[in-house]
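Novice: This one is entry-v7.cif, mmCIF, C-alpha atoms; chains and numbers go by the auth columns.
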data_my_file
#
loop_
_atom_site.group_PDB
_atom_site.id
_atom_site.type_symbol
_atom_site.label_atom_id
_atom_site.label_comp_id
_atom_site.label_asym_id
_atom_site.label_seq_id
_atom_site.Cartn_x
_atom_site.Cartn_y
_atom_site.Cartn_z
_atom_site.B_iso_or_equiv
_atom_site.auth_seq_id
_atom_site.auth_asym_id
ATOM 1 C CA MET A 1 72.752 -64.018 -30.792 0.00 1 A
ATOM 2 C CA PRO A 2 70.220 -65.121 -33.439 0.00 2 A
ATOM 3 C CA LEU A 3 67.847 -62.470 -34.761 0.00 3 A
ATOM 4 C CA ALA A 4 64.239 -62.912 -35.907 0.00 4 A
ATOM 5 C CA ILE A 5 62.760 -60.360 -38.328 0.00 5 A
ATOM 6 C CA ALA A 6 59.460 -60.146 -40.189 0.00 6 A
ATOM 7 C CA SER A 7 57.780 -58.224 -42.994 0.00 7 A
ATOM 8 C CA THR A 8 55.288 -58.642 -45.791 0.00 8 A
ATOM 9 C CA ASN A 9 56.247 -59.791 -49.274 0.00 9 A
ATOM 10 C CA GLU A 10 56.264 -56.121 -50.361 0.00 10 A
ATOM 11 C CA GLU A 11 59.005 -55.034 -47.947 0.00 11 A
ATOM 12 C CA GLN A 12 62.645 -55.417 -46.967 0.00 12 A
ATOM 13 C CA VAL A 13 64.370 -55.163 -43.585 0.00 13 A
ATOM 14 C CA PRO A 14 67.772 -53.563 -42.898 0.00 14 A
ATOM 15 C CA VAL A 15 69.964 -55.620 -40.555 0.00 15 A
ATOM 16 C CA THR A 16 73.059 -54.088 -38.955 0.00 16 A
ATOM 17 C CA ALA A 17 75.780 -55.884 -37.009 0.00 17 A
ATOM 18 C CA ALA A 18 77.337 -54.261 -33.945 0.00 18 A
ATOM 19 C CA PRO A 19 80.207 -56.631 -33.054 0.00 19 A
ATOM 20 C CA VAL A 20 81.104 -56.971 -29.367 0.00 20 A
ATOM 21 C CA THR A 21 83.722 -58.836 -27.350 0.00 21 A
ATOM 22 C CA ALA A 22 82.886 -61.773 -25.074 0.00 22 A
ATOM 23 C CA SER A 23 82.351 -59.253 -22.246 0.00 23 A
ATOM 24 C CA GLY A 24 80.060 -57.074 -24.366 0.00 24 A
ATOM 25 C CA ARG A 25 82.416 -54.238 -25.305 0.00 25 A
ATOM 26 C CA PRO A 26 82.346 -52.850 -28.881 0.00 26 A
ATOM 27 C CA ALA A 27 84.723 -54.601 -31.275 0.00 27 A
ATOM 28 C CA GLN A 28 85.773 -54.401 -34.899 0.00 28 A
ATOM 29 C CA VAL A 29 85.751 -57.008 -37.629 0.00 29 A
ATOM 30 C CA ASP A 30 88.021 -57.298 -40.631 0.00 30 A
ATOM 31 C CA GLY A 31 86.027 -56.487 -43.764 0.00 31 A
ATOM 32 C CA PRO A 32 82.335 -56.552 -44.611 0.00 32 A
ATOM 33 C CA LEU A 33 79.757 -59.056 -43.456 0.00 33 A
ATOM 34 C CA LYS A 34 79.503 -62.250 -45.508 0.00 34 A
ATOM 35 C CA ILE A 35 75.847 -63.212 -45.971 0.00 35 A
ATOM 36 C CA THR A 36 74.616 -66.611 -47.152 0.00 36 A
ATOM 37 C CA VAL A 37 71.012 -67.680 -47.741 0.00 37 A
ATOM 38 C CA GLN A 38 70.780 -71.076 -46.039 0.00 38 A
ATOM 39 C CA SER A 39 67.154 -71.746 -46.945 0.00 39 A
ATOM 40 C CA GLY A 40 64.073 -69.915 -48.214 0.00 40 A
ATOM 41 C CA ASP A 41 63.091 -67.523 -51.017 0.00 41 A
ATOM 42 C CA ALA A 42 64.254 -64.159 -49.659 0.00 42 A
ATOM 43 C CA THR A 43 67.409 -62.513 -50.974 0.00 43 A
ATOM 44 C CA PHE A 44 69.662 -59.738 -49.701 0.00 44 A
ATOM 45 C CA THR A 45 71.510 -56.656 -50.868 0.00 45 A
ATOM 46 C CA GLN A 46 74.684 -55.092 -49.493 0.00 46 A
ATOM 47 C CA ASP A 47 76.115 -51.633 -50.021 0.00 47 A
ATOM 48 C CA ALA A 48 79.910 -51.322 -49.854 0.00 48 A
ATOM 49 C CA ALA A 49 79.429 -47.991 -48.059 0.00 49 A
ATOM 50 C CA GLU A 50 77.759 -49.880 -45.162 0.00 50 A
ATOM 51 C CA PRO A 51 79.944 -52.964 -44.611 0.00 51 A
ATOM 52 C CA LEU A 52 78.143 -54.034 -41.413 0.00 52 A
ATOM 53 C CA THR A 53 74.629 -53.741 -42.861 0.00 53 A
ATOM 54 C CA PHE A 54 72.618 -55.807 -45.299 0.00 54 A
ATOM 55 C CA ARG A 55 69.001 -55.641 -46.381 0.00 55 A
ATOM 56 C CA ALA A 56 66.890 -58.773 -46.235 0.00 56 A
ATOM 57 C CA VAL A 57 64.609 -58.552 -49.276 0.00 57 A
ATOM 58 C CA SER A 58 61.382 -60.532 -49.123 0.00 58 A
ATOM 59 C CA GLY A 59 60.511 -63.052 -51.798 0.00 59 A
ATOM 60 C CA ASP A 60 57.200 -62.974 -53.642 0.00 60 A
ATOM 61 C CA ASN A 61 55.751 -65.857 -51.622 0.00 61 A
ATOM 62 C CA PRO A 62 55.187 -66.030 -47.867 0.00 62 A
ATOM 63 C CA GLY A 63 57.595 -68.241 -45.943 0.00 63 A
ATOM 64 C CA THR A 64 60.720 -68.385 -43.811 0.00 64 A
ATOM 65 C CA THR A 65 64.277 -67.670 -44.910 0.00 65 A
ATOM 66 C CA SER A 66 67.401 -68.340 -42.873 0.00 66 A
ATOM 67 C CA PHE A 67 70.505 -66.187 -43.411 0.00 67 A
ATOM 68 C CA LEU A 68 73.985 -67.052 -42.149 0.00 68 A
ATOM 69 C CA VAL A 69 75.929 -63.894 -41.214 0.00 69 A
ATOM 70 C CA GLU A 70 79.718 -64.212 -40.914 0.00 70 A
ATOM 71 C CA ALA A 71 82.694 -61.906 -40.369 0.00 71 A
ATOM 72 C CA ASP A 72 86.424 -62.186 -39.673 0.00 72 A
ATOM 73 C CA ALA A 73 87.137 -61.240 -36.039 0.00 73 A
ATOM 74 C CA ASP A 74 90.943 -61.405 -36.484 0.00 74 A
ATOM 75 C CA LEU A 75 92.116 -57.938 -37.501 0.00 75 A
ATOM 76 C CA GLY A 76 95.503 -59.315 -38.572 0.00 76 A
ATOM 77 C CA ALA A 77 96.602 -61.731 -41.275 0.00 77 A
ATOM 78 C CA GLY A 78 94.728 -64.681 -39.801 0.00 78 A
ATOM 79 C CA VAL A 79 91.043 -65.515 -40.014 0.00 79 A
ATOM 80 C CA VAL A 80 88.799 -66.142 -37.032 0.00 80 A
ATOM 81 C CA THR A 81 85.238 -66.472 -38.262 0.00 81 A
ATOM 82 C CA ILE A 82 82.352 -65.422 -36.063 0.00 82 A
ATOM 83 C CA SER A 83 78.824 -66.206 -37.209 0.00 83 A
ATOM 84 C CA ASP A 84 75.175 -65.815 -36.349 0.00 84 A
ATOM 85 C CA THR A 85 71.815 -66.386 -37.995 0.00 85 A
ATOM 86 C CA VAL A 86 68.861 -64.262 -39.032 0.00 86 A
ATOM 87 C CA THR A 87 65.452 -65.873 -39.467 0.00 87 A
ATOM 88 C CA TYR A 88 63.193 -63.854 -41.774 0.00 88 A
ATOM 89 C CA GLU A 89 59.457 -64.560 -41.665 0.00 89 A
ATOM 90 C CA VAL A 90 57.631 -63.200 -44.727 0.00 90 A
ATOM 91 C CA ALA A 91 53.834 -62.834 -44.682 0.00 91 A
ATOM 92 C CA GLY A 92 51.617 -62.156 -47.684 0.00 92 A
ATOM 93 C CA ALA A 93 50.599 -58.517 -48.004 0.00 93 A
ATOM 94 C CA GLN A 94 46.889 -57.983 -47.345 0.00 94 A
ATOM 95 C CA ALA A 95 44.506 -56.123 -49.608 0.00 95 A
ATOM 96 C CA ALA A 96 44.119 -52.490 -48.502 0.00 96 A
ATOM 97 C CA SER A 97 41.525 -51.228 -50.992 0.00 97 A
ATOM 98 C CA PHE A 98 39.370 -52.437 -53.877 0.00 98 A
ATOM 99 C CA GLY A 99 40.881 -50.388 -56.692 0.00 99 A
ATOM 100 C CA LEU A 100 37.422 -50.044 -58.253 0.00 100 A
ATOM 101 C CA SER A 101 37.049 -48.926 -61.862 0.00 101 A
ATOM 102 C CA SER A 102 34.170 -48.742 -64.336 0.00 102 A
ATOM 103 C CA GLY A 103 33.781 -49.635 -67.959 0.00 103 A
ATOM 104 C CA PRO A 104 32.004 -47.631 -70.665 0.00 104 A
ATOM 105 C CA VAL A 105 28.267 -46.970 -70.354 0.00 105 A
ATOM 106 C CA GLU A 106 26.215 -49.703 -72.004 0.00 106 A
ATOM 107 C CA PRO A 107 22.498 -50.264 -72.677 0.00 107 A
ATOM 108 C CA LYS A 108 20.642 -52.230 -70.049 0.00 108 A
ATOM 109 C CA PRO A 109 18.928 -55.469 -71.044 0.00 109 A
ATOM 110 C CA ALA A 110 15.307 -55.200 -72.224 0.00 110 A
ATOM 111 C CA ALA A 111 14.036 -57.403 -69.361 0.00 111 A
ATOM 112 C CA VAL A 112 15.445 -54.970 -66.765 0.00 112 A
ATOM 113 C CA ALA A 113 13.949 -51.994 -68.606 0.00 113 A
ATOM 114 C CA ARG A 114 10.415 -53.521 -68.501 0.00 114 A
ATOM 115 C CA LYS A 115 10.530 -54.275 -64.801 0.00 115 A
ATOM 116 C CA ARG A 116 11.110 -50.629 -63.984 0.00 116 A
ATOM 117 C CA ARG A 117 7.850 -49.386 -65.598 0.00 117 A
#
Could you write out this structure as structure tokens?

Specialist:
Amino acid sequence: MPLAIASTNEEQVPVTAAPVTASGRPAQVDGPLKITVQSGDATFTQDAAEPLTFRAVSGDNPGTTSFLVEADADLGAGVVTISDTVTYEVAGAQAASFGLSSGPVEPKPAAVARKRR
């Protein structure tokens, strides 16, 4: 079943597969997930220690990325590919503070000094 995920362009989203049979019972797959970026600017990372998980990593620019997720459902010598898609919507991160700073003290202009008298 397709999955829709979302984050800002400062975040990533872990995605984990939980394979099931046609009747919904837990099932195994042969090997790790195979991930392909079909379109968009996001990328992904995979850790060999978590073969059924990948992390969708946002690109710098807002937009939509489509991932194809595949695995081999045949636990024997053959290959029976199952697949699904993940649509990743990336929004631009919003400003959260000003980050104000000041420069060195400087003399004020003469015109401002006269007005104050």

Novice: Could you check which of A:Ala18, A:Gly63, A:Phe44, A:Leu3 is closest to A:Ala91, using all atoms listed in the file?

Specialist: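 The answer is A:Gly63, which sits nearest to A:Ala91.
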
Novice: For a test of reading the model, state the distance in Å between atom CA of A:Val37 and atom CA of A:Tyr88, rounded to one decimal.

Specialist: 10.6 Å

Novice: Could you please determine the separation between atom CA of A:Glu50 and atom CA of A:Leu33 in Å, to one decimal place?

Specialist: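 Taking atom CA of A:Glu50 and atom CA of A:Leu33, their separation equals 9.5 Å.
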
Novice: On this structure, the PyMOL selection byres ((chain A and resi 5-16) around 7) would catch which residues? List them as an NGL selection string, sorted by chain and number.

Specialist: :A and (3-4 or 17-18 or 52-62 or 87-93)

Novice: Could those residues be written to a file, using C-alpha atoms, as a PDB file, in the coordinates of the input?

Specialist:
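Now in result.pdb:
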ATOM      1  CA  LEU A   3      67.847 -62.470 -34.761  1.00  0.00           C
ATOM      2  CA  ALA A   4      64.239 -62.912 -35.907  1.00  0.00           C
ATOM      3  CA  ALA A  17      75.780 -55.884 -37.009  1.00  0.00           C
ATOM      4  CA  ALA A  18      77.337 -54.261 -33.945  1.00  0.00           C
ATOM      5  CA  LEU A  52      78.143 -54.034 -41.413  1.00  0.00           C
ATOM      6  CA  THR A  53      74.629 -53.741 -42.861  1.00  0.00           C
ATOM      7  CA  PHE A  54      72.618 -55.807 -45.299  1.00  0.00           C
ATOM      8  CA  ARG A  55      69.001 -55.641 -46.381  1.00  0.00           C
ATOM      9  CA  ALA A  56      66.890 -58.773 -46.235  1.00  0.00           C
ATOM     10  CA  VAL A  57      64.609 -58.552 -49.276  1.00  0.00           C
ATOM     11  CA  SER A  58      61.382 -60.532 -49.123  1.00  0.00           C
ATOM     12  CA  GLY A  59      60.511 -63.052 -51.798  1.00  0.00           C
ATOM     13  CA  ASP A  60      57.200 -62.974 -53.642  1.00  0.00           C
ATOM     14  CA  ASN A  61      55.751 -65.857 -51.622  1.00  0.00           C
ATOM     15  CA  PRO A  62      55.187 -66.030 -47.867  1.00  0.00           C
ATOM     16  CA  THR A  87      65.452 -65.873 -39.467  1.00  0.00           C
ATOM     17  CA  TYR A  88      63.193 -63.854 -41.774  1.00  0.00           C
ATOM     18  CA  GLU A  89      59.457 -64.560 -41.665  1.00  0.00           C
ATOM     19  CA  VAL A  90      57.631 -63.200 -44.727  1.00  0.00           C
ATOM     20  CA  ALA A  91      53.834 -62.834 -44.682  1.00  0.00           C
ATOM     21  CA  GLY A  92      51.617 -62.156 -47.684  1.00  0.00           C
ATOM     22  CA  ALA A  93      50.599 -58.517 -48.004  1.00  0.00           C
TER      23      ALA A  93
END

Novice: Please list, as a list in words, the residues that have an atom at most 12 Å away from (76.5, -70.3, -49.8) in the coordinates of this file, counting only C-alpha atoms.

Specialist: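 Those residues lying close to the given coordinates are Lys34, Ile35, Thr36, Val37, Gln38, Ser39, Ser66, Phe67, Leu68, Val69 and Glu70 of chain A.
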
Novice: Smallest atom-to-atom distance to A:Pro19: which of A:Val86, A:Ala77, A:Ala71, A:Ala49, using all atoms listed in the file?

Specialist: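 Distance minimum relative to A:Pro19 lands on A:Ala71.
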
Novice: Which is closer to A:Thr43 than all the others in A:Gln28, A:Thr64, A:Ser102, A:Thr81, using all atoms listed in the file?

Specialist: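 Result for the nearest residue to A:Thr43: A:Thr64.
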